[in-house]
Amino acid sequence: RAHLRALGQTTKIARSTLAQVQARIAFLREKTKEAASAKAFDFDQRLAEVRM
Amino acid sequence: SILHEKEDEVPDVDDTDGLDPAAEFEAWRLRELGRIKKEKEDEMVREKEREEIERRRAMPEEQRL
Amino acid sequence: MANTTITGAQAVHGQNPQFLVETVVRNRIYESTFWKEHCFALTAESLIDKAIEVRFIGGVYGNQRPTEFLCLLLKLLQIQPEKEILVEYLRAEEFKYLRALAALYIRMTFRAVDIYELLEPLLKDYRKLRLRDMSGYTLVFMDEFIYSLLTEERVCDIIMPRIAKRSVLEENGELGPRKSRLLAAMEGESDPELEEKQSHS
């Protein structure tokens with residue numbers, strides 16, 4: 001620890017705020033939603049191709 | 001290595017939800033019923049214990065033991 | 001120092017929160033690759049990304065290897081996020097493994113009344129969770145997992161801190177009776193949650 005301090009690095013872990021946590025969850029929620037709809041789109045696309 | 005392959009093996013149980021919504025709900029209903037039943041039984045046991053304590057309290061001193 | 005509890009952490013049940021995971025298991029976690037490579041600088045925010053990638057819950061498996069789930073639990077004990085953050089994890093319902101992790105942490109560190117009030121509503125969540133233990137993989141349901149947290153002495157190879165019985169808290173007036181949505185439905189009561197949903201559609 002003293003060694004890291006000597007190098008000017010902090011040994012403390014930054015604490016996240018509630019707002020940061022909420023924002024991260026909202027972001028991941030959107031991202032997984034996109035992934036799910038992309039998959040669905042892919043499926044519909046394939047199905048359409050089969051019909052043709 | 002074999003060890004590494006083992007580590008990466010795909011889990012052999014599927015955790016996908018909603019494959020059979022009706023059956024999944026029904027299974028939950030039965031589990032929840034089991035929990036409710038157990039809670040009621042525990043409550044009855046506690047009720048009995050309370051009654052027993054009351055009964056003993058109401059007894060004259062010399063009969064308690 | 002990667003293994004020390006955050007400065008200013010509150011003692012939980014009278015001890016360093018990390019000690020809630022017994023020494024043998026804790027040392028296994030410190031030695032694990034996942035801990036060393038992925039948990040080092042995690043914060044309450046970046047831990048979410050790891051938690052939603054978790055593929056199974058459980059304690060140790062195989063040759064006493066800790067699951068990633070268990071590593072993340074220890075990390076939470078180390079960084080001790082605020083109560084509201086844990087509630088936020090619990091509310092992010094599409095991420096079921098994050099929810100399971102938050103539920104376990106809450107059970108281990110929160111006050112009894114808060115534990116019942118936060119976890120009991122999750123008894124209606126019947127999604128599937130993979131569990132990995134010494135015997136391999138099995139399927140459990142979220143409601144079963146939550147119920148085990150409320151009733152069992154050992155979950156995911158961790159001894160659960162003692163918790164006051166629900167009935168005792170009810171008698172003290174600290175807790176109202178448990179509300180089962182199923183029971184309410186069977187007794188023909190209106191379901192406030194359902195009405196809420198219908199009025200929005």
# chains A, B, ... in the order shown; residues from 1 in each chain; ligands from 1
>>> select_by_dssp(residues="stretch 1-199 of chain C", states="strand (DSSP E)", output="compact mmCIF listing (two decimals) with N, CA and C atoms, in the first residue's frame")
# COMPACT_ATOMS: atom_id res chain seq x y z
N VAL C 60 -19.63 -23.53 -3.85
CA VAL C 60 -18.45 -24.15 -4.44
C VAL C 60 -18.85 -25.41 -5.18
N TYR C 61 -18.03 -25.78 -6.15
CA TYR C 61 -18.31 -26.99 -6.93
C TYR C 61 -16.99 -27.67 -7.27
N ARG C 65 -14.13 -25.30 -6.03
CA ARG C 65 -14.00 -24.05 -6.77
C ARG C 65 -15.18 -23.14 -6.49
N PRO C 66 -14.93 -21.87 -6.24
CA PRO C 66 -16.08 -20.97 -6.00
C PRO C 66 -16.73 -20.57 -7.32
N LYS C 128 -36.51 -19.38 -13.85
CA LYS C 128 -35.54 -20.46 -13.63
C LYS C 128 -34.14 -19.92 -13.35
N LEU C 129 -33.48 -20.57 -12.45
CA LEU C 129 -32.08 -20.26 -12.17
C LEU C 129 -31.30 -21.56 -12.23
N ARG C 130 -30.14 -21.50 -12.83
CA ARG C 130 -29.25 -22.66 -12.80
C ARG C 130 -28.48 -22.63 -11.49
N LEU C 131 -28.38 -23.79 -10.88
CA LEU C 131 -27.59 -23.89 -9.65
C LEU C 131 -26.48 -24.89 -9.88
N ARG C 132 -25.27 -24.52 -9.53
CA ARG C 132 -24.17 -25.46 -9.68
C ARG C 132 -23.61 -25.78 -8.30
N ASP C 133 -23.53 -27.06 -8.00
CA ASP C 133 -22.90 -27.46 -6.75
C ASP C 133 -22.07 -28.71 -6.98
N GLY C 136 -23.21 -31.14 -9.62
CA GLY C 136 -23.42 -30.70 -11.00
C GLY C 136 -24.43 -29.56 -11.08
N TYR C 137 -25.12 -29.49 -12.21
CA TYR C 137 -26.10 -28.43 -12.41
C TYR C 137 -27.51 -28.92 -12.08
N THR C 138 -28.29 -28.08 -11.45
CA THR C 138 -29.71 -28.36 -11.28
C THR C 138 -30.46 -27.07 -11.56
N LEU C 139 -31.78 -27.20 -11.68
CA LEU C 139 -32.62 -26.03 -11.92
C LEU C 139 -33.35 -25.70 -10.63
N VAL C 140 -33.32 -24.45 -10.23
CA VAL C 140 -34.16 -24.02 -9.12
C VAL C 140 -34.95 -22.82 -9.63
N PHE C 141 -35.99 -22.46 -8.89
CA PHE C 141 -36.77 -21.31 -9.29
C PHE C 141 -36.49 -20.17 -8.33
N ARG C 154 -28.24 -22.63 5.70
CA ARG C 154 -27.08 -22.61 4.82
C ARG C 154 -27.55 -22.49 3.37
N VAL C 155 -27.08 -21.49 2.66
CA VAL C 155 -27.44 -21.30 1.26
C VAL C 155 -26.15 -20.99 0.48
N ILE C 158 -22.91 -20.96 2.34
CA ILE C 158 -22.67 -19.89 3.31
C ILE C 158 -23.66 -20.04 4.46
N ILE C 159 -23.14 -19.92 5.67
CA ILE C 159 -24.02 -19.99 6.84
C ILE C 159 -24.75 -18.66 6.95
>>> closest_atom_pairs(of="chain B", to="chain C", cutoff="10 Å", atoms="only C-alpha atoms", output="CSV")
residue,atom,partner,partner_atom,distance
B:Val10,CA,C:Arg55,CA,9.8
B:Pro11,CA,C:Tyr137,CA,6.8
B:Asp12,CA,C:Tyr137,CA,6.8
B:Val13,CA,C:Thr138,CA,6.5
B:Asp14,CA,C:Arg130,CA,7.6
B:Asp15,CA,C:Lys128,CA,5.1
B:Thr16,CA,C:Lys128,CA,6.9
B:Asp17,CA,C:Arg127,CA,6.0
B:Gly18,CA,C:Arg127,CA,8.3
B:Glu24,CA,C:Tyr126,CA,7.4
B:Phe25,CA,C:Tyr126,CA,7.4
B:Ala27,CA,C:Tyr126,CA,8.7
B:Trp28,CA,C:Tyr126,CA,6.1
B:Arg29,CA,C:Leu182,CA,7.3
B:Arg31,CA,C:Glu144,CA,8.1
B:Glu32,CA,C:Leu182,CA,7.4
B:Leu33,CA,C:Leu182,CA,7.9
B:Arg35,CA,C:Tyr147,CA,8.7
B:Ile36,CA,C:Leu183,CA,7.8
B:Glu39,CA,C:Arg178,CA,9.7
B:Asp42,CA,C:Ser167,CA,9.3
B:Glu43,CA,C:Ser167,CA,8.2
B:Arg46,CA,C:Ser167,CA,8.9
>>> interface_residues(of="chain A", to="chain C", cutoff="10 Å", atoms="only C-alpha atoms", output="list in words")
Arg1, Thr11, Lys12, Ile13, Ala14, Arg15, Ser16, Thr17, Leu18, Ala19, Gln20, Val21, Gln22, Ala23, Arg24, Ile25, Ala26, Leu28, Arg29, Thr32 and Lys33 of chain A
